[in-house]
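**Student:** Next comes the structure file work_24.txt, holding compact mmCIF, C-alpha atoms.
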# COMPACT_ATOMS: atom_id res chain seq x y z
CA MET A 779 -13.13 26.71 -19.52
CA LYS A 780 -11.86 27.17 -15.98
CA THR A 781 -10.46 23.93 -14.58
CA GLY A 782 -9.46 24.95 -11.06
CA VAL A 783 -6.21 24.27 -9.26
CA MET A 784 -5.53 20.93 -10.98
CA GLY A 785 -5.10 22.64 -14.36
CA ARG A 786 -6.08 21.05 -17.66
CA ILE A 787 -8.54 18.17 -17.47
CA SER A 788 -8.09 16.66 -20.93
CA GLY A 789 -6.44 13.74 -22.63
CA ALA A 790 -6.06 15.42 -26.02
CA GLY A 791 -2.58 14.95 -27.45
CA ARG A 792 -1.49 12.58 -24.68
CA VAL A 793 -0.38 8.95 -24.90
CA PHE A 794 -0.62 6.85 -21.73
CA LEU A 795 1.56 3.75 -21.39
CA PHE A 796 0.32 1.30 -18.75
CA LEU A 797 2.83 -1.09 -17.18
CA GLN A 798 2.03 -3.67 -14.49
CA GLY A 799 -0.94 -2.92 -12.27
CA PRO A 800 -2.64 -4.47 -9.26
CA HIS A 801 -3.95 -7.97 -9.91
CA GLY A 802 -7.30 -7.73 -11.65
CA PRO A 803 -9.02 -5.43 -14.15
CA PHE A 804 -8.39 -2.04 -12.51
CA PHE A 805 -5.84 -0.74 -15.01
CA HIS A 806 -7.93 -1.72 -18.03
CA GLN A 807 -11.00 -0.09 -16.53
CA LEU A 808 -9.02 3.09 -15.78
CA SER A 809 -7.86 3.25 -19.40
CA ARG A 810 -11.43 3.63 -20.68
CA PRO A 811 -12.22 7.11 -19.32
CA LEU A 812 -8.73 8.24 -20.33
CA ALA A 813 -9.49 7.21 -23.90
CA LEU A 814 -12.89 8.90 -23.73
CA ALA A 815 -11.10 12.08 -22.62
CA GLY A 816 -9.15 12.02 -25.88
CA ALA A 817 -5.96 10.22 -24.87
CA ARG A 818 -4.36 7.31 -26.70
CA VAL A 819 -3.71 4.29 -24.47
CA LEU A 820 -1.15 1.47 -24.71
CA LYS A 821 -0.33 -1.41 -22.38
CA VAL A 822 2.93 -3.35 -22.08
CA GLY A 823 2.50 -6.90 -20.81
CA PHE A 824 5.26 -9.15 -19.53
CA ASN A 825 3.41 -12.43 -19.00
CA ARG A 826 0.12 -14.26 -19.52
CA GLY A 827 -1.31 -12.76 -16.33
CA ASP A 828 -0.80 -9.23 -17.65
CA SER A 829 -2.47 -10.05 -20.96
CA ALA A 830 -5.42 -11.83 -19.29
CA PHE A 831 -6.62 -8.66 -17.58
CA TRP A 832 -6.18 -6.35 -20.59
CA LYS A 833 -9.16 -6.81 -22.88
CA ASP A 834 -8.05 -4.74 -25.89
CA ALA A 835 -5.61 -6.61 -28.13
CA GLU A 836 -5.08 -3.58 -30.38
CA THR A 837 -3.56 -1.53 -27.56
CA TYR A 838 -1.55 -4.37 -26.04
CA VAL A 839 2.22 -4.59 -26.58
CA ALA A 840 3.94 -7.79 -25.49
CA PHE A 841 7.48 -7.60 -24.13
CA GLU A 842 8.95 -10.93 -25.22
CA GLN A 843 12.65 -10.25 -24.72
CA ARG A 844 15.06 -10.87 -21.87
CA PRO A 845 14.85 -8.63 -18.79
CA GLU A 846 18.20 -6.98 -19.58
CA GLU A 847 16.77 -5.82 -22.93
CA TRP A 848 13.87 -3.95 -21.28
CA PRO A 849 15.56 -0.51 -21.03
CA GLY A 850 16.37 -0.42 -24.75
CA PHE A 851 12.91 -1.74 -25.67
CA LEU A 852 11.28 0.88 -23.46
CA ASP A 853 13.34 3.79 -24.80
CA ALA A 854 12.35 2.85 -28.35
CA LEU A 855 8.68 2.50 -27.38
CA LEU A 856 8.64 5.87 -25.60
CA ARG A 857 10.19 7.52 -28.66
CA ASP A 858 8.25 5.75 -31.42
CA GLN A 859 4.85 6.07 -29.73
CA ALA A 860 5.45 9.61 -28.43
CA ILE A 861 4.53 8.53 -24.90
CA THR A 862 3.64 11.44 -22.60
CA ASP A 863 2.55 9.51 -19.48
CA ILE A 864 3.41 6.21 -17.79
CA VAL A 865 1.00 4.50 -15.36
CA LEU A 866 2.22 1.83 -12.95
CA TYR A 867 1.50 0.12 -9.63
CA GLY A 868 4.40 0.09 -7.20
CA ASP A 869 7.66 1.83 -8.00
CA THR A 870 10.36 -0.57 -6.77
CA ARG A 871 10.02 -3.66 -8.95
CA PRO A 872 12.97 -3.55 -11.40
CA LEU A 873 10.88 -3.05 -14.54
CA HIS A 874 9.12 -0.07 -12.99
CA ALA A 875 12.21 1.46 -11.42
CA GLN A 876 13.91 1.43 -14.81
CA ALA A 877 10.80 2.94 -16.43
CA ILE A 878 10.75 5.78 -13.89
CA GLN A 879 14.40 6.54 -14.68
CA ALA A 880 13.69 6.53 -18.42
CA ALA A 881 10.67 8.78 -17.93
CA GLY A 882 12.78 11.24 -15.95
CA ARG A 883 15.29 11.49 -18.78
CA ALA A 884 12.53 12.02 -21.35
CA GLY A 885 10.37 14.44 -19.35
CA ILE A 886 7.48 11.97 -19.15
CA THR A 887 4.94 12.09 -16.30
CA VAL A 888 4.81 8.95 -14.14
CA HIS A 889 1.52 8.12 -12.38
CA CYS A 890 2.08 5.76 -9.43
CA PHE A 891 -0.66 3.77 -7.73
CA GLU A 892 -0.22 1.97 -4.42
CA GLU A 893 -2.31 0.57 -1.60
CA GLY A 894 -3.78 3.37 0.49
CA TYR A 895 -1.72 5.08 3.15
CA LEU A 896 -5.03 5.49 4.96
CA ARG A 897 -6.13 1.92 4.36
CA PRO A 898 -8.52 0.19 4.01
CA TYR A 899 -10.95 2.63 2.36
CA TRP A 900 -8.48 4.67 0.30
CA ALA A 901 -5.96 4.03 -2.45
CA THR A 902 -2.80 6.05 -3.05
CA TYR A 903 -2.15 8.09 -6.19
CA GLU A 904 1.11 10.03 -6.53
CA ARG A 905 3.50 11.00 -9.27
CA ASN A 906 7.07 9.75 -9.68
CA GLY A 907 7.18 7.67 -6.49
CA VAL A 908 5.32 6.24 -3.49
CA ASN A 909 6.15 5.08 0.04
CA GLY A 910 9.81 5.90 0.71
CA HIS A 911 10.06 7.68 -2.66
CA SER A 912 7.00 9.82 -2.01
CA ARG A 913 7.28 13.57 -1.60
CA LEU A 914 5.66 12.99 1.78
CA ALA A 915 8.87 11.34 3.00
CA THR A 916 10.74 14.66 3.14
CA MET A 917 7.79 16.89 3.96
CA THR A 918 7.36 18.21 7.50
CA ILE A 919 4.17 18.75 9.45
CA ASP A 920 4.91 22.48 9.31
CA ASP A 921 5.03 22.29 5.50
CA MET A 922 1.62 20.63 5.48
CA ARG A 923 0.18 23.11 7.98
CA ALA A 924 1.32 26.05 5.85
CA GLN A 925 -0.31 24.71 2.69
CA LEU A 926 -3.58 23.78 4.35
CA LEU A 927 -3.90 27.24 5.94
CA GLU A 928 -6.93 27.21 8.23
CA ARG A 929 -9.30 25.47 5.86
CA ARG A 930 -11.87 22.96 6.98
CA ILE A 931 -12.03 19.75 4.98
CA ASP A 932 -15.10 17.65 4.32
CA GLN A 933 -13.89 14.15 5.08
CA PRO A 934 -15.30 11.50 2.73
CA GLU A 935 -17.53 8.90 4.30
CA ALA A 936 -15.90 5.49 4.29
CA PRO A 937 -18.11 2.61 3.18
CA ALA A 938 -19.03 -0.02 5.71
CA ARG A 939 -17.39 -2.69 3.57
CA TRP A 940 -15.55 -3.10 0.26
CA GLY A 941 -14.81 -6.83 0.48
CA ASP A 942 -11.36 -6.12 -0.95
CA MET A 943 -9.38 -8.75 0.96
CA ARG A 944 -11.41 -11.64 -0.44
CA HIS A 945 -11.26 -10.15 -3.94
CA HIS A 946 -7.57 -9.39 -3.52
CA ALA A 947 -6.83 -13.04 -2.75
CA PHE A 948 -9.01 -14.21 -5.65
CA TYR A 949 -7.31 -12.01 -8.26
CA GLY A 950 -3.88 -12.92 -6.89
CA ALA A 951 -4.67 -16.62 -7.34
CA LEU A 952 -6.11 -16.05 -10.82
CA TYR A 953 -3.11 -13.99 -11.92
CA HIS A 954 -0.62 -16.62 -10.80
CA ALA A 955 -2.73 -19.39 -12.31
CA HIS A 956 -2.08 -17.84 -15.73
CA LEU A 957 1.66 -17.94 -15.06
CA LEU A 958 1.66 -21.67 -14.38
CA PHE A 959 1.21 -22.64 -18.01
CA PRO A 960 4.29 -22.57 -20.28
CA SER A 961 4.29 -19.72 -22.79
CA ALA A 962 6.66 -19.53 -25.72
CA ARG A 963 5.77 -15.87 -26.11
CA TYR A 964 6.89 -14.96 -22.58
CA ARG A 965 9.57 -17.60 -22.10
CA HIS A 966 12.06 -14.99 -20.82
CA TYR A 967 9.76 -13.58 -18.13
CA ARG A 968 11.13 -13.60 -14.58
CA THR A 969 9.06 -12.57 -11.56
CA HIS A 970 10.41 -9.74 -9.40
CA ARG A 971 9.77 -11.85 -6.29
CA GLU A 972 12.01 -14.53 -4.86
CA THR A 973 9.17 -17.05 -4.42
CA PRO A 974 8.61 -19.34 -7.46
CA VAL A 975 5.35 -18.83 -9.36
CA LEU A 976 3.99 -22.29 -8.50
CA LYS A 977 4.52 -21.68 -4.79
CA GLU A 978 2.89 -18.22 -5.07
CA PHE A 979 -0.14 -19.84 -6.73
CA ARG A 980 -0.43 -22.54 -4.05
CA LEU A 981 -0.16 -19.93 -1.29
CA HIS A 982 -2.92 -17.81 -2.87
CA VAL A 983 -5.22 -20.83 -3.28
CA ARG A 984 -4.61 -22.03 0.27
CA ARG A 985 -5.31 -18.56 1.63
CA LEU A 986 -8.60 -18.43 -0.28
CA ALA A 987 -9.63 -21.89 0.89
CA PHE A 988 -8.89 -21.16 4.56
CA ILE A 989 -10.44 -17.67 4.76
CA PRO A 990 -13.54 -18.86 6.71
CA TYR A 991 -11.48 -21.01 9.10
CA HIS A 992 -8.87 -18.34 9.77
CA ALA A 993 -11.55 -15.69 10.23
CA ALA A 994 -13.33 -17.77 12.88
CA GLN A 995 -10.03 -18.62 14.56
CA SER A 996 -9.03 -14.95 14.65
CA ARG A 997 -12.35 -13.78 16.06
CA ALA A 998 -12.05 -16.31 18.86
CA ALA A 999 -8.47 -15.28 19.62
CA ILE A 1000 -9.38 -11.58 19.70
CA ARG A 1001 -12.31 -12.28 22.03
CA ARG A 1002 -10.03 -14.20 24.38
CA ILE A 1003 -7.50 -11.37 24.48
CA ARG A 1004 -10.13 -8.71 25.06
CA ARG A 1005 -11.65 -10.72 27.93
CA GLN A 1006 -8.30 -10.85 29.74
CA ASP A 1007 -7.35 -8.11 32.18
CA PHE A 1008 -3.73 -7.70 31.05
CA VAL A 1009 -2.30 -4.57 29.44
CA TYR A 1010 -1.00 -5.35 25.97
CA HIS A 1011 1.09 -3.80 23.22
CA LEU A 1012 0.28 -4.63 19.60
CA GLY A 1013 2.81 -5.71 16.98
CA LEU A 1014 1.58 -5.22 13.41
CA LEU A 1015 3.02 -7.79 11.02
CA GLN A 1016 3.41 -7.23 7.29
CA LEU A 1017 4.09 -9.32 4.21
CA GLY A 1018 7.81 -9.95 4.06
CA HIS A 1019 7.90 -9.80 0.26
CA ASP A 1020 6.17 -6.42 0.15
CA SER A 1021 8.16 -3.52 -1.33
CA SER A 1022 7.76 -1.47 1.85
CA ILE A 1023 9.83 -4.12 3.65
CA GLN A 1024 12.30 -4.95 0.90
CA ALA A 1025 13.01 -1.38 -0.24
CA HIS A 1026 12.27 0.88 2.73
CA SER A 1027 13.33 -1.03 5.81
CA PRO A 1028 16.50 -2.31 7.49
CA ILE A 1029 14.44 -5.39 8.48
CA ARG A 1030 13.99 -7.98 5.75
CA SER A 1031 11.57 -10.49 7.26
CA MET A 1032 8.81 -10.81 9.82
CA PRO A 1033 10.69 -13.45 11.88
CA GLU A 1034 13.55 -10.94 12.24
CA PHE A 1035 11.09 -8.20 13.26
CA MET A 1036 9.31 -10.43 15.77
CA ARG A 1037 12.51 -11.49 17.51
CA GLN A 1038 13.74 -7.91 17.72
CA VAL A 1039 10.44 -6.70 19.15
CA ILE A 1040 10.20 -9.53 21.69
CA GLU A 1041 13.75 -8.82 22.86
CA GLY A 1042 12.89 -5.13 23.40
CA PHE A 1043 9.63 -6.05 25.10
CA ALA A 1044 11.39 -8.43 27.47
CA ALA A 1045 13.96 -5.78 28.38
CA GLY A 1046 11.61 -2.88 28.98
CA ALA A 1047 7.94 -3.76 29.45
CA PRO A 1048 6.50 -3.94 32.98
CA PRO A 1049 6.06 -7.57 34.06
CA HIS A 1050 2.26 -7.40 33.93
CA HIS A 1051 2.25 -6.25 30.27
CA HIS A 1052 1.72 -8.59 27.31
CA LEU A 1053 2.59 -8.43 23.60
CA VAL A 1054 0.14 -9.39 20.84
CA PHE A 1055 1.30 -9.90 17.24
CA LYS A 1056 -1.38 -9.54 14.58
CA ALA A 1057 -0.67 -11.06 11.17
CA HIS A 1058 -1.33 -9.21 7.92
CA PRO A 1059 -4.80 -9.99 6.49
CA LEU A 1060 -3.14 -11.55 3.43
CA GLU A 1061 -0.61 -13.60 5.37
CA ASP A 1062 -0.12 -16.83 3.43
CA GLY A 1063 1.72 -19.00 5.90
CA ARG A 1064 5.11 -19.12 4.24
CA PHE A 1065 6.66 -18.69 7.72
CA PRO A 1066 5.46 -20.45 10.92
CA LEU A 1067 4.90 -17.12 12.66
CA ARG A 1068 3.00 -18.51 15.65
CA ARG A 1069 5.80 -20.92 16.46
CA ILE A 1070 8.44 -18.22 15.92
CA ALA A 1071 6.65 -15.96 18.42
CA ARG A 1072 6.39 -18.78 20.98
CA ASP A 1073 10.05 -19.81 20.63
CA ALA A 1074 11.36 -16.24 20.84
CA ALA A 1075 9.21 -15.59 23.93
CA ARG A 1076 10.83 -18.58 25.64
CA THR A 1077 14.30 -17.45 24.59
CA PHE A 1078 13.87 -14.00 26.10
CA GLY A 1079 12.06 -15.14 29.24
CA VAL A 1080 8.54 -13.86 28.48
CA ALA A 1081 6.77 -17.14 27.73
CA GLY A 1082 3.03 -16.83 28.32
CA ARG A 1083 3.09 -13.07 27.72
CA VAL A 1084 3.38 -13.14 23.89
CA HIS A 1085 0.35 -13.94 21.74
CA PHE A 1086 -0.27 -14.39 18.02
CA VAL A 1087 -3.48 -13.59 16.10
CA ARG A 1088 -3.71 -14.87 12.54
CA GLY A 1089 -6.05 -12.14 11.19
CA GLY A 1090 -9.39 -10.60 12.00
CA LYS A 1091 -10.48 -6.99 12.43
CA LEU A 1092 -7.72 -4.70 13.61
CA ALA A 1093 -10.06 -2.23 15.33
CA GLY A 1094 -11.03 -4.73 18.03
CA LEU A 1095 -7.40 -4.99 19.13
CA LEU A 1096 -6.44 -1.35 18.67
CA ASN A 1097 -9.30 -0.12 20.83
CA HIS A 1098 -7.71 -1.69 23.92
CA ALA A 1099 -4.00 -1.59 23.08
CA ARG A 1100 -1.37 0.34 25.06
CA SER A 1101 0.86 1.01 22.04
CA VAL A 1102 1.71 -0.22 18.54
CA VAL A 1103 5.03 -1.30 17.05
CA THR A 1104 5.59 -2.06 13.37
CA VAL A 1105 8.17 -1.91 10.61
CA ASN A 1106 6.25 0.57 8.44
CA SER A 1107 2.72 -0.80 8.08
CA THR A 1108 0.10 1.66 6.88
CA ALA A 1109 -2.20 0.10 9.48
CA ALA A 1110 -0.25 2.05 12.10
CA GLN A 1111 -2.16 5.12 10.92
CA GLN A 1112 -5.27 3.65 12.51
CA ALA A 1113 -3.33 3.66 15.79
CA LEU A 1114 -2.26 7.28 15.28
CA TRP A 1115 -5.87 8.23 14.59
CA ARG A 1116 -6.74 6.74 17.99
CA GLY A 1117 -3.89 8.63 19.67
CA LEU A 1118 -1.89 5.47 20.43
CA PRO A 1119 1.91 5.62 20.71
CA VAL A 1120 3.57 4.14 17.61
CA ARG A 1121 7.13 2.91 17.06
CA ALA A 1122 8.11 2.31 13.42
CA LEU A 1123 11.41 0.54 12.71
CA GLY A 1124 11.46 1.28 8.97
CA GLU A 1125 10.86 4.27 6.74
CA ALA A 1126 7.24 5.35 6.46
CA VAL A 1127 5.36 8.38 5.15
CA TYR A 1128 3.94 8.92 8.64
CA ARG A 1129 7.31 8.70 10.40
CA LYS A 1130 7.39 12.31 11.58
CA PRO A 1131 8.81 13.34 14.97
CA GLU A 1132 5.42 14.72 16.03
CA LEU A 1133 3.72 11.40 15.27
CA VAL A 1134 6.06 8.45 15.80
CA SER A 1135 8.32 7.72 18.75
CA GLU A 1136 12.04 7.29 18.16
CA GLN A 1137 12.67 5.71 21.57
CA PRO A 1138 14.72 2.51 21.78
CA LEU A 1139 12.37 -0.43 21.94
CA ASP A 1140 12.96 -1.18 25.61
CA ALA A 1141 12.26 2.46 26.56
CA PHE A 1142 9.21 2.51 24.29
CA PHE A 1143 7.68 -0.54 25.96
CA ALA A 1144 8.45 0.92 29.38
CA ASP A 1145 6.86 4.33 28.73
CA PRO A 1146 5.75 4.92 25.11
CA MET A 1147 5.52 8.51 23.87
CA PRO A 1148 2.11 9.32 22.27
CA PRO A 1149 1.63 11.29 19.05
CA ASP A 1150 0.70 14.97 18.92
CA PRO A 1151 -3.04 14.86 18.08
CA GLU A 1152 -3.05 18.26 16.35
CA ALA A 1153 -0.09 17.23 14.17
CA TYR A 1154 -1.82 14.01 13.15
CA ASP A 1155 -5.00 15.89 12.28
CA ILE A 1156 -2.98 18.14 9.97
CA TYR A 1157 -1.16 15.18 8.48
CA ARG A 1158 -4.35 13.22 7.81
CA HIS A 1159 -6.11 16.21 6.27
CA TYR A 1160 -3.11 16.83 4.03
CA LEU A 1161 -3.16 13.26 2.73
CA LEU A 1162 -6.89 13.44 2.04
CA VAL A 1163 -6.50 16.45 -0.26
CA THR A 1164 -3.43 15.13 -2.05
CA SER A 1165 -2.56 11.43 -2.35
CA GLN A 1166 -5.57 9.53 -0.97
CA VAL A 1167 -8.60 8.65 -3.11
CA VAL A 1168 -11.64 6.78 -1.80
CA GLY A 1169 -11.98 3.31 -3.31
CA GLY A 1170 -10.05 0.09 -3.87
CA PHE A 1171 -8.40 -1.96 -6.61
CA TYR A 1172 -10.13 -5.29 -6.23
CA SER A 1173 -13.88 -5.23 -5.62
CA ALA A 1174 -16.15 -3.93 -8.39
CA ARG A 1175 -17.67 -1.26 -6.15
CA GLY A 1176 -14.27 -0.16 -4.89
CA ARG A 1177 -12.86 0.10 -8.42
CA ALA A 1178 -15.80 2.12 -9.67
CA ARG A 1179 -15.51 4.66 -6.88
CA LEU A 1180 -11.74 4.87 -7.19
CA ILE A 1181 -11.85 5.49 -10.94
CA ARG A 1182 -14.46 8.23 -10.52
CA GLY A 1183 -12.25 9.93 -7.96
CA VAL A 1184 -8.86 9.53 -9.59
CA VAL A 1185 -9.31 9.95 -13.35
CA ASP A 1186 -9.36 13.77 -13.24
CA ARG A 1187 -6.26 13.75 -11.05
CA VAL A 1188 -4.47 11.61 -13.64
CA LEU A 1189 -5.53 13.95 -16.45
CA ALA A 1190 -4.67 17.15 -14.55
CA GLU A 1191 -1.54 19.06 -15.50
CA ALA A 1192 -0.40 19.54 -11.91
CA ASP A 1193 0.32 16.70 -9.53
CA PRO A 1194 -1.78 16.74 -6.31
CA TYR A 1195 0.95 18.32 -4.20
CA ASP A 1196 1.71 21.07 -6.71
CA ALA A 1197 -2.01 21.70 -7.13
CA LEU A 1198 -2.41 22.28 -3.41
CA GLN A 1199 0.64 24.53 -3.33
CA ARG A 1200 -0.77 26.59 -6.19
CA ASP A 1201 -4.08 26.75 -4.37
CA HIS A 1202 -2.23 27.98 -1.29
CA ASP A 1203 -0.48 30.68 -3.31
CA HIS A 1204 -3.67 32.02 -4.90
CA LEU A 1205 -6.45 31.64 -2.35
CA GLN A 1206 -7.11 33.45 0.88
CA PRO A 1207 -7.56 31.40 4.08
CA GLY A 1208 -10.98 30.04 4.70
CA PRO A 1209 -12.41 28.30 1.60
CA ARG A 1210 -13.94 24.90 2.18
CA LEU A 1211 -12.41 22.06 0.18
CA ARG A 1212 -14.33 18.94 -0.62
CA VAL A 1213 -12.39 15.68 -0.91
CA VAL A 1214 -13.49 13.20 -3.59
As structure tokens - that is how I would like this structure written.
**Tutor:**
Amino acid sequence: MKTGVMGRISGAGRVFLFLQGPHGPFFHQLSRPLALAGARVLKVGFNRGDSAFWKDAETYVAFEQRPEEWPGFLDALLRDQAITDIVLYGDTRPLHAQAIQAAGRAGITVHCFEEGYLRPYWATYERNGVNGHSRLATMTIDDMRAQLLERRIDQPEAPARWGDMRHHAFYGALYHAHLLFPSARYRHYRTHRETPVLKEFRLHVRRLAFIPYHAAQSRAAIRRIRRQDFVYHLGLLQLGHDSSIQAHSPIRSMPEFMRQVIEGFAAGAPPHHHLVFKAHPLEDGRFPLRRIARDAARTFGVAGRVHFVRGGKLAGLLNHARSVVTVNSTAAQQALWRGLPVRALGEAVYRKPELVSEQPLDAFFADPMPPDPEAYDIYRHYLLVTSQVVGGFYSARGRARLIRGVVDRVLAEADPYDALQRDHDHLQPGPRLRVV
């Protein structure tokens, strides 16, 4: 049977080992079609939260040892169970980084999931690494242009709403709730984050409880900003504990980023310009960001010209912004799509010279360089036929659509980038590709 450019679509003879996934049931639900395709599935769990979302006790393997014993435990498991594939979410947490190294030595395929580069309606699927470890990091726009040829691409229609942020917060709270109770079985477990589990749980619960209040507060703040006649630049804040900050950025916290940006703004922006910081939708309040913005504005002599928005819809601010500055937020791609100048201070898959300015911050705020619209069109199309899959990890509807779109990619012999390259080598220019 012809399978197309992805190669074999079968699970026969393959053994998939799932490690830690996004909070919630996504990984367990993904395992079902893999098993139906003929694969054997196993899951390693490291704590009560991992076990709570995996509903099949027969395929569950508990890691009960000390963290330093994980590499030896994993090597034995890979050998004894004849593992052919590893599935994980995020590639920088120590357990996963060590698993990727072990897989490389053993010739095992690693399937990496991550939040979508083209968020919020897509998720990312790549092999062997994501974000700064993605193959996109070293790929040029010319490379992408050559592989795409002159083909037109049917862009998938994004749903009006997934509801993922609310579900994301819920599953985060539920996951950490399971970690609060002492467990003799997992007594050696240590979280990969610096924040204690109890504090993580409290932050998740508080975020859930205040969603309606913060949403109303943000809508009012955005309306006030849009009614004003000042020109403004937009600073996109991220979660300081996120791997994109900790592993792929010289900046380690949002307070550090905010002070650096305000200093550059004060030095270069015209005096009638303003600066608006927008918090990440999942910001949990572990830092007093509003106060930090106000104090830094006073320090650098721009008090009254720096604003803070807790959350709300990004589009309402982007539609009227002069430029965008960030560490490496994927939300900056919405700015690139609108043709807005973007300055990224950290490593990002979209940090290409045709797309992102490399000006010093003061020069950027004075006269920001816009992206090349043709280059961004090529870049976006390339992502849509390789790493981006419509759907989400947290809402039921988002998970269903994501699993339908990604399961054949997981089962395929070739990774999405190699599949496109093989397509490029065998097909003449002109065929119409449909993205799923």
**Student:** Write out as JSON lines a residue-level contact list of region 1005-1114 of chain A versus region 888-902 of chain A with cut-off 7 Å: for each qualifying residue the closest pair of atoms and the distance in Å to one decimal, counting all atoms listed in the file, rows sorted by chain and residue number upward.
**Tutor:**
{"residue": "A:Thr1108", "atom": "CA", "partner": "A:Tyr895", "partner_atom": "CA", "distance": 5.4}
{"residue": "A:Ala1109", "atom": "CA", "partner": "A:Arg897", "partner_atom": "CA", "distance": 6.7}
{"residue": "A:Gln1111", "atom": "CA", "partner": "A:Leu896", "partner_atom": "CA", "distance": 6.6}
**Student:** If we count all atoms listed in the file, what is near Asp1155 (chain A) at a cut-off of 12 Å, once residues fewer than 6 positions away on the same chain are taken out, given as a list in words?
**Tutor:**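 Residues near the query, excluding close chain neighbours: Ile919, Met922, Arg923, Leu926, Arg930, Ile931, Gln933, Gln1111, Leu1114, Trp1115, Arg1116, Gly1117, Tyr1128, Glu1132, Leu1133, Pro1149, Leu1161 and Leu1162 of chain A.
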**Student:** Pick out the closest residue to Phe1065 (chain A) from this set: A:Asn1106, A:Ser1027, A:Thr870, A:Gln1016. Count all atoms listed in the file.
**Tutor:** A:Gln1016
**Student:** Hey, what's within 8 Å of Val1102 (chain A) if we count only C-alpha atoms and toss same-chain stuff fewer than 4 positions away? As a list in words, please?
**Tutor:**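 My reading of the contact set: His1011, Leu1012, Gly1013, Leu1014, Ala1110, Ala1113, Leu1118, Pro1119, Val1120 and Arg1121 of chain A.
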**Student:** Here is a test: counting only C-alpha atoms, which residue of A:Arg1064, A:Leu1095, A:Ala1047, A:Gly791 is nearest to Ser1031 (chain A)?
**Tutor:**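 Smallest separation from Ser1031 (chain A) among the options: A:Arg1064.
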**Student:** So which one's closest to Arg968 (chain A), A:Arg1129, A:Arg844, A:Arg826, A:His1098? Using only C-alpha atoms, please.
**Tutor:** A:Arg844
**Student:** Can you sort out the box for region 850-853 of chain A, edges along x, y and z, all listed atoms in, 8 Å on every side, with centre and edge lengths in Å to one decimal, as AutoDock Vina command-line options?
**Tutor:**
--center_x 13.8 --center_y 1.0 --center_z -24.6 --size_x 21.1 --size_y 21.5 --size_z 18.2
